Amino acid sequence: MDREATAREYYRTLDEDDYETLADLLAPEFVHYRPDRTIEGRDRFVTFMRDERPMKATSHPLDAVYATAPERGESEIAVRGRLLDPDGEPVVSFVDVFAFDGENVQSIHTYTQ
């Protein structure tokens, strides 16, 4: 799976509560940097998403996906999207920057508005 497909799959797993596949996408030492907290470790992150996140029945429509230039030797994907509540109402707009270690997501930095 290419990196853009991996990023898109990440949101699908969240929206469909597919936590087994979510874990498969993430490196063991995965870190999620969010405006409200930092979550360290794949297992901790999956537990948070499965059991502890404030709103679970959300969706993440994506507006754009951007990739760094391959010749720069970096492996980042930026995704611009929206978090919608269970009624389809906007909660927040976001940009997530994915860093990769091989095929796995190493970290995500989330920026919200």
# chains A, B, ... in the order shown; residues from 1 in each chain; ligands from 1
call {"tool": "select_by_dssp", "arguments": {"residues": "chain A", "states": "strand (DSSP E or B)", "output": "PyMOL selection string"}}
result
chain A and resi 26-33+38-40+59+62-67+76-84+90-101+104-112
call {"tool": "residues_around", "arguments": {"residues": "Glu16 of chain A", "least_positions_apart": "5", "cutoff": "10 Å", "atoms": "only C-alpha atoms", "output": "number ranges by chain"}}
result
A: 11, 56-59
call {"tool": "closest_residue", "arguments": {"among": "A:Met49, A:Ile108, A:Ala99, A:Ala7", "to": "Tyr19 of chain A", "atoms": "only C-alpha atoms"}}
result
A:Met49
call {"tool": "residues_around", "arguments": {"residues": "Arg53 of chain A", "least_positions_apart": "2", "cutoff": "12 Å", "atoms": "only C-alpha atoms", "output": "PyMOL selection string"}}
result
chain A and resi 14+17+36-37+39+44-51+55-58
call {"tool": "write_last_selection", "arguments": {"atoms": "all heavy atoms", "output": "compact mmCIF listing (two decimals), in the first residue's frame"}}
result
# COMPACT_ATOMS: atom_id res chain seq x y z
N LEU A 14 -10.77 4.43 11.56
CA LEU A 14 -11.40 5.19 12.64
C LEU A 14 -12.91 5.26 12.45
O LEU A 14 -13.68 5.05 13.40
CB LEU A 14 -10.82 6.60 12.72
CG LEU A 14 -9.34 6.72 13.08
CD1 LEU A 14 -8.93 8.19 13.06
CD2 LEU A 14 -9.03 6.08 14.40
N ASP A 17 -14.51 1.75 13.00
CA ASP A 17 -14.12 1.03 14.22
C ASP A 17 -13.34 -0.24 13.91
O ASP A 17 -13.52 -1.27 14.56
CB ASP A 17 -15.35 0.70 15.07
CG ASP A 17 -16.12 1.94 15.49
OD1 ASP A 17 -15.49 2.99 15.74
OD2 ASP A 17 -17.36 1.86 15.56
N ASP A 36 -4.58 18.78 22.21
CA ASP A 36 -4.98 18.58 23.60
C ASP A 36 -4.16 17.55 24.36
O ASP A 36 -4.27 17.43 25.57
CB ASP A 36 -6.46 18.20 23.67
CG ASP A 36 -6.77 16.89 22.97
OD1 ASP A 36 -6.01 16.48 22.06
OD2 ASP A 36 -7.79 16.25 23.31
N ARG A 37 -3.32 16.77 23.65
CA ARG A 37 -2.55 15.72 24.33
C ARG A 37 -1.58 15.06 23.35
O ARG A 37 -1.71 15.20 22.14
CB ARG A 37 -3.47 14.67 24.93
CG ARG A 37 -4.16 13.80 23.88
CD ARG A 37 -5.20 12.88 24.43
NE ARG A 37 -6.38 13.67 24.68
CZ ARG A 37 -7.37 13.31 25.46
NH1 ARG A 37 -7.33 12.15 26.06
NH2 ARG A 37 -8.41 14.08 25.64
N ILE A 39 -0.21 11.15 22.59
CA ILE A 39 -0.45 9.75 22.89
C ILE A 39 0.72 8.95 22.33
O ILE A 39 0.97 8.98 21.13
CB ILE A 39 -1.78 9.26 22.28
CG1 ILE A 39 -2.94 10.14 22.78
CG2 ILE A 39 -2.01 7.79 22.62
CD1 ILE A 39 -4.25 9.89 22.07
N ARG A 44 -1.37 1.99 23.11
CA ARG A 44 -2.04 3.05 23.88
C ARG A 44 -2.98 3.85 22.98
O ARG A 44 -4.10 4.19 23.36
CB ARG A 44 -0.99 3.96 24.53
CG ARG A 44 -1.59 5.12 25.29
CD ARG A 44 -2.26 4.61 26.59
NE ARG A 44 -3.08 5.65 27.15
CZ ARG A 44 -4.43 5.69 27.11
NH1 ARG A 44 -5.10 4.70 26.57
NH2 ARG A 44 -5.08 6.68 27.63
N PHE A 45 -2.51 4.16 21.75
CA PHE A 45 -3.32 4.93 20.82
C PHE A 45 -4.58 4.15 20.41
O PHE A 45 -5.68 4.71 20.39
CB PHE A 45 -2.51 5.30 19.58
CG PHE A 45 -3.29 6.09 18.57
CD1 PHE A 45 -3.55 7.43 18.78
CD2 PHE A 45 -3.76 5.48 17.43
CE1 PHE A 45 -4.29 8.15 17.86
CE2 PHE A 45 -4.49 6.19 16.49
CZ PHE A 45 -4.76 7.54 16.71
N VAL A 46 -4.42 2.88 20.10
CA VAL A 46 -5.58 2.07 19.70
C VAL A 46 -6.57 1.97 20.86
O VAL A 46 -7.78 2.09 20.66
CB VAL A 46 -5.13 0.68 19.19
CG1 VAL A 46 -6.33 -0.24 18.97
CG2 VAL A 46 -4.32 0.82 17.91
N THR A 47 -6.08 1.80 22.07
CA THR A 47 -6.96 1.77 23.24
C THR A 47 -7.72 3.08 23.39
O THR A 47 -8.94 3.09 23.63
CB THR A 47 -6.16 1.48 24.53
OG1 THR A 47 -5.58 0.18 24.41
CG2 THR A 47 -7.04 1.54 25.77
N PHE A 48 -7.03 4.20 23.21
CA PHE A 48 -7.68 5.50 23.29
C PHE A 48 -8.79 5.62 22.24
O PHE A 48 -9.91 6.01 22.55
CB PHE A 48 -6.66 6.63 23.12
CG PHE A 48 -7.30 7.99 23.05
CD1 PHE A 48 -7.69 8.64 24.20
CD2 PHE A 48 -7.54 8.61 21.83
CE1 PHE A 48 -8.31 9.89 24.14
CE2 PHE A 48 -8.14 9.84 21.75
CZ PHE A 48 -8.53 10.49 22.91
N MET A 49 -8.47 5.26 21.01
CA MET A 49 -9.46 5.40 19.95
C MET A 49 -10.64 4.45 20.14
O MET A 49 -11.79 4.81 19.89
CB MET A 49 -8.82 5.16 18.58
CG MET A 49 -7.96 6.30 18.14
SD MET A 49 -8.95 7.80 18.01
CE MET A 49 -7.74 8.94 17.41
N ARG A 50 -10.39 3.27 20.61
CA ARG A 50 -11.45 2.27 20.79
C ARG A 50 -12.31 2.57 22.01
O ARG A 50 -13.53 2.47 21.95
CB ARG A 50 -10.84 0.88 20.91
CG ARG A 50 -11.87 -0.24 21.02
CD ARG A 50 -11.25 -1.60 21.22
NE ARG A 50 -10.38 -1.58 22.39
CZ ARG A 50 -9.08 -1.92 22.38
NH1 ARG A 50 -8.51 -2.34 21.28
NH2 ARG A 50 -8.36 -1.86 23.48
N ASP A 51 -11.67 2.97 23.13
CA ASP A 51 -12.39 3.02 24.41
C ASP A 51 -12.53 4.39 25.05
O ASP A 51 -13.37 4.56 25.93
CB ASP A 51 -11.68 2.10 25.42
CG ASP A 51 -11.59 0.67 24.95
OD1 ASP A 51 -12.51 0.21 24.26
OD2 ASP A 51 -10.57 0.01 25.26
N MET A 55 -15.82 11.36 21.40
CA MET A 55 -16.89 11.11 20.43
C MET A 55 -16.44 9.96 19.53
O MET A 55 -15.43 10.08 18.87
CB MET A 55 -17.11 12.36 19.57
CG MET A 55 -18.50 12.84 19.55
SD MET A 55 -18.77 14.19 18.37
CE MET A 55 -17.63 15.42 18.90
N LYS A 56 -17.20 8.89 19.50
CA LYS A 56 -16.78 7.73 18.71
C LYS A 56 -17.47 7.62 17.36
O LYS A 56 -16.87 7.20 16.41
CB LYS A 56 -17.01 6.45 19.51
CG LYS A 56 -16.06 6.32 20.68
CD LYS A 56 -16.35 5.10 21.49
CE LYS A 56 -15.65 3.92 20.91
NZ LYS A 56 -15.69 2.73 21.75
N ALA A 57 -18.70 8.00 17.27
CA ALA A 57 -19.45 7.82 16.01
C ALA A 57 -19.23 9.02 15.10
O ALA A 57 -20.16 9.69 14.69
CB ALA A 57 -20.92 7.62 16.32
N THR A 58 -17.99 9.27 14.77
CA THR A 58 -17.63 10.41 13.94
C THR A 58 -17.25 9.95 12.54
O THR A 58 -17.09 8.75 12.29
CB THR A 58 -16.44 11.17 14.54
OG1 THR A 58 -15.33 10.28 14.68
CG2 THR A 58 -16.79 11.76 15.91
call {"tool": "residues_around", "arguments": {"residues": "Glu9 of chain A", "least_positions_apart": "2", "cutoff": "12 Å", "atoms": "only C-alpha atoms", "output": "short mmCIF file (atom, residue, chain, number, x, y, z; two decimals) with all heavy atoms, in the first residue's frame"}}
result
data_model
loop_
_atom_site.label_atom_id
_atom_site.label_comp_id
_atom_site.auth_asym_id
_atom_site.auth_seq_id
_atom_site.Cartn_x
_atom_site.Cartn_y
_atom_site.Cartn_z
N MET A 1 0.86 -1.17 0.00
CA MET A 1 0.00 0.00 0.00
C MET A 1 0.90 1.24 0.00
O MET A 1 1.84 1.31 0.79
CB MET A 1 -0.88 -0.05 1.25
CG MET A 1 -1.88 1.07 1.34
SD MET A 1 -3.02 1.02 2.77
CE MET A 1 -3.45 -0.67 2.96
N ASP A 2 0.63 2.20 -0.88
CA ASP A 2 1.45 3.41 -0.88
C ASP A 2 1.04 4.30 0.31
O ASP A 2 0.04 4.05 0.98
CB ASP A 2 1.38 4.13 -2.22
CG ASP A 2 0.03 4.76 -2.52
OD1 ASP A 2 -0.74 5.08 -1.58
OD2 ASP A 2 -0.26 4.97 -3.70
N ARG A 3 1.82 5.33 0.54
CA ARG A 3 1.61 6.15 1.74
C ARG A 3 0.30 6.92 1.71
O ARG A 3 -0.35 7.07 2.74
CB ARG A 3 2.81 7.06 1.93
CG ARG A 3 4.01 6.22 2.33
CD ARG A 3 5.24 7.03 2.57
NE ARG A 3 6.24 6.12 3.14
CZ ARG A 3 7.50 6.12 2.85
NH1 ARG A 3 7.98 7.01 2.00
NH2 ARG A 3 8.33 5.26 3.41
N GLU A 4 -0.10 7.41 0.55
CA GLU A 4 -1.40 8.09 0.48
C GLU A 4 -2.52 7.11 0.81
O GLU A 4 -3.44 7.43 1.56
CB GLU A 4 -1.64 8.71 -0.90
CG GLU A 4 -2.98 9.39 -0.97
CD GLU A 4 -3.27 10.07 -2.29
OE1 GLU A 4 -2.33 10.37 -3.05
OE2 GLU A 4 -4.46 10.30 -2.56
N ALA A 5 -2.44 5.91 0.27
CA ALA A 5 -3.45 4.89 0.56
C ALA A 5 -3.45 4.54 2.05
O ALA A 5 -4.52 4.34 2.65
CB ALA A 5 -3.22 3.66 -0.30
N THR A 6 -2.28 4.49 2.66
CA THR A 6 -2.19 4.21 4.09
C THR A 6 -2.87 5.31 4.89
O THR A 6 -3.62 5.03 5.83
CB THR A 6 -0.72 4.05 4.52
OG1 THR A 6 -0.16 2.93 3.85
CG2 THR A 6 -0.60 3.86 6.02
N ALA A 7 -2.62 6.57 4.52
CA ALA A 7 -3.26 7.68 5.23
C ALA A 7 -4.78 7.61 5.08
O ALA A 7 -5.52 7.77 6.06
CB ALA A 7 -2.73 9.01 4.70
N TYR A 11 -8.07 6.80 8.24
CA TYR A 11 -9.37 7.42 8.54
C TYR A 11 -10.51 6.41 8.39
O TYR A 11 -11.47 6.44 9.17
CB TYR A 11 -9.60 8.65 7.66
CG TYR A 11 -8.57 9.70 7.92
CD1 TYR A 11 -7.53 9.90 7.02
CD2 TYR A 11 -8.59 10.46 9.09
CE1 TYR A 11 -6.55 10.83 7.27
CE2 TYR A 11 -7.61 11.40 9.34
CZ TYR A 11 -6.59 11.58 8.43
OH TYR A 11 -5.61 12.50 8.69
N ARG A 12 -10.42 5.53 7.41
CA ARG A 12 -11.44 4.50 7.26
C ARG A 12 -11.52 3.64 8.51
O ARG A 12 -12.61 3.34 9.01
CB ARG A 12 -11.16 3.61 6.03
CG ARG A 12 -12.32 2.62 5.77
CD ARG A 12 -11.90 1.39 5.01
NE ARG A 12 -10.92 0.56 5.69
CZ ARG A 12 -11.19 -0.28 6.71
NH1 ARG A 12 -12.40 -0.37 7.22
NH2 ARG A 12 -10.22 -1.02 7.25
N THR A 13 -10.36 3.27 9.06
CA THR A 13 -10.36 2.42 10.25
C THR A 13 -11.00 3.13 11.43
O THR A 13 -11.71 2.50 12.22
CB THR A 13 -8.95 1.94 10.63
OG1 THR A 13 -8.14 3.04 11.03
CG2 THR A 13 -8.29 1.17 9.51
N LEU A 14 -10.77 4.43 11.56
CA LEU A 14 -11.40 5.19 12.64
C LEU A 14 -12.91 5.26 12.45
O LEU A 14 -13.68 5.05 13.40
CB LEU A 14 -10.82 6.60 12.72
CG LEU A 14 -9.34 6.72 13.08
CD1 LEU A 14 -8.93 8.19 13.06
CD2 LEU A 14 -9.03 6.08 14.40
N ASP A 15 -13.34 5.57 11.24
CA ASP A 15 -14.76 5.74 10.96
C ASP A 15 -15.54 4.44 11.07
O ASP A 15 -16.72 4.44 11.40
CB ASP A 15 -14.97 6.36 9.57
CG ASP A 15 -14.49 7.79 9.49
OD1 ASP A 15 -14.18 8.40 10.54
OD2 ASP A 15 -14.39 8.30 8.35
N GLU A 16 -14.88 3.32 10.79
CA GLU A 16 -15.56 2.02 10.80
C GLU A 16 -15.19 1.16 12.01
O GLU A 16 -15.51 -0.03 12.05
CB GLU A 16 -15.25 1.27 9.50
CG GLU A 16 -15.78 2.00 8.28
CD GLU A 16 -15.47 1.29 6.97
OE1 GLU A 16 -15.02 0.12 7.00
OE2 GLU A 16 -15.68 1.92 5.92
N ASP A 17 -14.51 1.75 13.00
CA ASP A 17 -14.12 1.03 14.22
C ASP A 17 -13.34 -0.24 13.91
O ASP A 17 -13.52 -1.27 14.56
CB ASP A 17 -15.35 0.70 15.07
CG ASP A 17 -16.12 1.94 15.49
OD1 ASP A 17 -15.49 2.99 15.74
OD2 ASP A 17 -17.36 1.86 15.56
N ASP A 18 -12.45 -0.17 12.95
CA ASP A 18 -11.63 -1.32 12.54
C ASP A 18 -10.27 -1.21 13.23
O ASP A 18 -9.27 -0.84 12.62
CB ASP A 18 -11.49 -1.33 11.01
CG ASP A 18 -10.72 -2.53 10.51
OD1 ASP A 18 -10.23 -3.34 11.33
OD2 ASP A 18 -10.59 -2.65 9.27
N TYR A 19 -10.23 -1.52 14.52
CA TYR A 19 -9.05 -1.27 15.33
C TYR A 19 -7.92 -2.26 15.06
O TYR A 19 -6.76 -1.94 15.27
CB TYR A 19 -9.43 -1.23 16.80
CG TYR A 19 -10.45 -0.14 17.04
CD1 TYR A 19 -11.77 -0.44 17.35
CD2 TYR A 19 -10.10 1.20 16.89
CE1 TYR A 19 -12.70 0.55 17.53
CE2 TYR A 19 -11.03 2.21 17.08
CZ TYR A 19 -12.33 1.88 17.39
OH TYR A 19 -13.26 2.88 17.55
N THR A 21 -7.07 -3.40 12.02
CA THR A 21 -6.36 -2.84 10.87
C THR A 21 -5.63 -1.56 11.26
O THR A 21 -4.51 -1.31 10.81
CB THR A 21 -7.33 -2.59 9.70
OG1 THR A 21 -7.94 -3.82 9.35
CG2 THR A 21 -6.59 -2.03 8.49
N LEU A 22 -6.26 -0.74 12.11
CA LEU A 22 -5.59 0.48 12.58
C LEU A 22 -4.24 0.12 13.20
O LEU A 22 -3.22 0.72 12.88
CB LEU A 22 -6.47 1.21 13.60
CG LEU A 22 -5.83 2.41 14.29
CD1 LEU A 22 -5.46 3.49 13.29
CD2 LEU A 22 -6.76 2.96 15.37
N ALA A 23 -4.22 -0.87 14.08
CA ALA A 23 -2.96 -1.28 14.72
C ALA A 23 -1.94 -1.74 13.69
O ALA A 23 -0.75 -1.43 13.82
CB ALA A 23 -3.24 -2.38 15.74
N ASP A 24 -2.39 -2.42 12.64
CA ASP A 24 -1.47 -2.89 11.60
C ASP A 24 -0.83 -1.74 10.83
O ASP A 24 0.27 -1.89 10.30
CB ASP A 24 -2.20 -3.80 10.62
CG ASP A 24 -2.59 -5.14 11.23
OD1 ASP A 24 -2.03 -5.52 12.27
OD2 ASP A 24 -3.48 -5.80 10.64
N LEU A 25 -1.50 -0.61 10.75
CA LEU A 25 -0.95 0.54 10.02
C LEU A 25 0.14 1.28 10.78
O LEU A 25 0.96 1.97 10.18
CB LEU A 25 -2.07 1.55 9.70
CG LEU A 25 -3.21 1.09 8.81
CD1 LEU A 25 -4.26 2.19 8.72
CD2 LEU A 25 -2.69 0.72 7.43
N LEU A 26 0.14 1.15 12.11
CA LEU A 26 1.00 1.96 12.96
C LEU A 26 2.26 1.22 13.39
O LEU A 26 2.22 0.02 13.67
CB LEU A 26 0.22 2.37 14.22
CG LEU A 26 -1.14 3.05 13.98
CD1 LEU A 26 -1.82 3.32 15.32
CD2 LEU A 26 -0.98 4.31 13.15
N HIS A 60 -14.66 11.31 9.04
CA HIS A 60 -13.53 12.14 8.64
C HIS A 60 -13.51 12.33 7.13
O HIS A 60 -12.70 11.71 6.45
CB HIS A 60 -12.21 11.49 9.07
CG HIS A 60 -12.04 11.32 10.54
ND1 HIS A 60 -12.63 10.28 11.24
CD2 HIS A 60 -11.35 12.05 11.44
CE1 HIS A 60 -12.29 10.39 12.51
NE2 HIS A 60 -11.52 11.45 12.66
N LEU A 62 -12.27 13.71 3.81
CA LEU A 62 -10.98 14.29 3.45
C LEU A 62 -11.15 15.24 2.28
O LEU A 62 -11.83 14.93 1.31
CB LEU A 62 -10.00 13.18 3.10
CG LEU A 62 -9.80 12.11 4.17
CD1 LEU A 62 -8.77 11.10 3.72
CD2 LEU A 62 -9.46 12.71 5.52
N VAL A 79 -2.76 15.57 5.29
CA VAL A 79 -4.15 15.36 4.94
C VAL A 79 -4.97 16.51 5.55
O VAL A 79 -4.87 16.78 6.74
CB VAL A 79 -4.68 14.02 5.48
CG1 VAL A 79 -6.15 13.84 5.17
CG2 VAL A 79 -3.86 12.86 4.92
N ASN A 104 4.90 1.69 7.77
CA ASN A 104 4.07 2.00 8.94
C ASN A 104 4.09 3.48 9.28
O ASN A 104 5.10 4.16 9.08
CB ASN A 104 4.54 1.20 10.16
CG ASN A 104 4.34 -0.28 9.97
OD1 ASN A 104 5.29 -0.99 9.71
ND2 ASN A 104 3.12 -0.74 10.09
N VAL A 105 2.98 3.95 9.85
CA VAL A 105 2.90 5.33 10.31
C VAL A 105 3.68 5.44 11.61
O VAL A 105 3.39 4.75 12.59
CB VAL A 105 1.43 5.76 10.52
CG1 VAL A 105 1.37 7.20 11.01
CG2 VAL A 105 0.63 5.57 9.24
#
call {"tool": "select_by_dssp", "arguments": {"residues": "chain A", "states": "helix (DSSP H, G or I)", "output": "number ranges by chain"}}
result
A: 3-15, 19-25, 42-52, 70-72
call {"tool": "closest_residue", "arguments": {"among": "A:Gly88, A:Phe98, A:Thr110, A:Leu83", "to": "Thr68 of chain A", "atoms": "only C-alpha atoms"}}
result
A:Phe98
call {"tool": "atom_distance", "arguments": {"atom1": "atom CA of Gly81 of chain A", "atom2": "atom CA of Asp96 of chain A"}}
result
8.4 Å
call {"tool": "atom_distance", "arguments": {"atom1": "atom CA of Asp85 of chain A", "atom2": "atom CA of Val65 of chain A"}}
result
21.6 Å
call {"tool": "atom_distance", "arguments": {"atom1": "atom CA of Pro90 of chain A", "atom2": "atom CA of Glu40 of chain A"}}
result
27.1 Å
call {"tool": "residues_around", "arguments": {"residues": "Tyr66 of chain A", "least_positions_apart": "6", "cutoff": "10 Å", "atoms": "only C-alpha atoms", "output": "short mmCIF file (atom, residue, chain, number, x, y, z; two decimals) with all heavy atoms, in the first residue's frame"}}
result
data_model
loop_
_atom_site.label_atom_id
_atom_site.label_comp_id
_atom_site.auth_asym_id
_atom_site.auth_seq_id
_atom_site.Cartn_x
_atom_site.Cartn_y
_atom_site.Cartn_z
N GLU A 4 -0.10 7.41 0.55
CA GLU A 4 -1.40 8.09 0.48
C GLU A 4 -2.52 7.11 0.81
O GLU A 4 -3.44 7.43 1.56
CB GLU A 4 -1.64 8.71 -0.90
CG GLU A 4 -2.98 9.39 -0.97
CD GLU A 4 -3.27 10.07 -2.29
OE1 GLU A 4 -2.33 10.37 -3.05
OE2 GLU A 4 -4.46 10.30 -2.56
N GLU A 76 6.60 12.12 4.21
CA GLU A 76 5.45 12.68 4.89
C GLU A 76 4.28 12.85 3.93
O GLU A 76 4.45 13.09 2.75
CB GLU A 76 5.78 14.05 5.49
CG GLU A 76 6.72 14.00 6.66
CD GLU A 76 6.94 15.36 7.29
OE1 GLU A 76 6.70 16.39 6.65
OE2 GLU A 76 7.35 15.35 8.46
N ILE A 77 3.10 12.70 4.50
CA ILE A 77 1.84 12.96 3.82
C ILE A 77 1.07 13.91 4.72
O ILE A 77 1.01 13.70 5.94
CB ILE A 77 1.02 11.66 3.65
CG1 ILE A 77 1.73 10.64 2.77
CG2 ILE A 77 -0.38 11.95 3.14
CD1 ILE A 77 1.71 10.93 1.30
N ALA A 78 0.48 14.95 4.14
CA ALA A 78 -0.41 15.84 4.89
C ALA A 78 -1.82 15.66 4.37
O ALA A 78 -2.04 15.59 3.16
CB ALA A 78 0.04 17.29 4.75
N VAL A 79 -2.76 15.57 5.29
CA VAL A 79 -4.15 15.36 4.94
C VAL A 79 -4.97 16.51 5.55
O VAL A 79 -4.87 16.78 6.74
CB VAL A 79 -4.68 14.02 5.48
CG1 VAL A 79 -6.15 13.84 5.17
CG2 VAL A 79 -3.86 12.86 4.92
N ARG A 80 -5.77 17.15 4.70
CA ARG A 80 -6.68 18.20 5.16
C ARG A 80 -8.08 17.65 5.12
O ARG A 80 -8.51 17.06 4.11
CB ARG A 80 -6.57 19.44 4.27
CG ARG A 80 -7.42 20.61 4.75
CD ARG A 80 -7.13 21.88 3.97
NE ARG A 80 -7.07 21.73 2.53
CZ ARG A 80 -8.13 21.75 1.72
NH1 ARG A 80 -9.35 21.89 2.21
NH2 ARG A 80 -7.97 21.61 0.41
N VAL A 97 -0.34 15.57 9.69
CA VAL A 97 0.91 15.31 8.98
C VAL A 97 1.42 13.95 9.44
O VAL A 97 1.74 13.76 10.62
CB VAL A 97 1.96 16.42 9.24
CG1 VAL A 97 3.25 16.10 8.51
CG2 VAL A 97 1.41 17.78 8.82
#
call {"tool": "closest_residue", "arguments": {"among": "A:Phe30, A:Glu20, A:Arg8, A:Gln113", "to": "Asp101 of chain A", "atoms": "only C-alpha atoms"}}
result
A:Phe30
call {"tool": "closest_residue", "arguments": {"among": "A:His109, A:Leu84, A:Phe100, A:Ser75", "to": "Thr38 of chain A", "atoms": "only C-alpha atoms"}}
result
A:His109
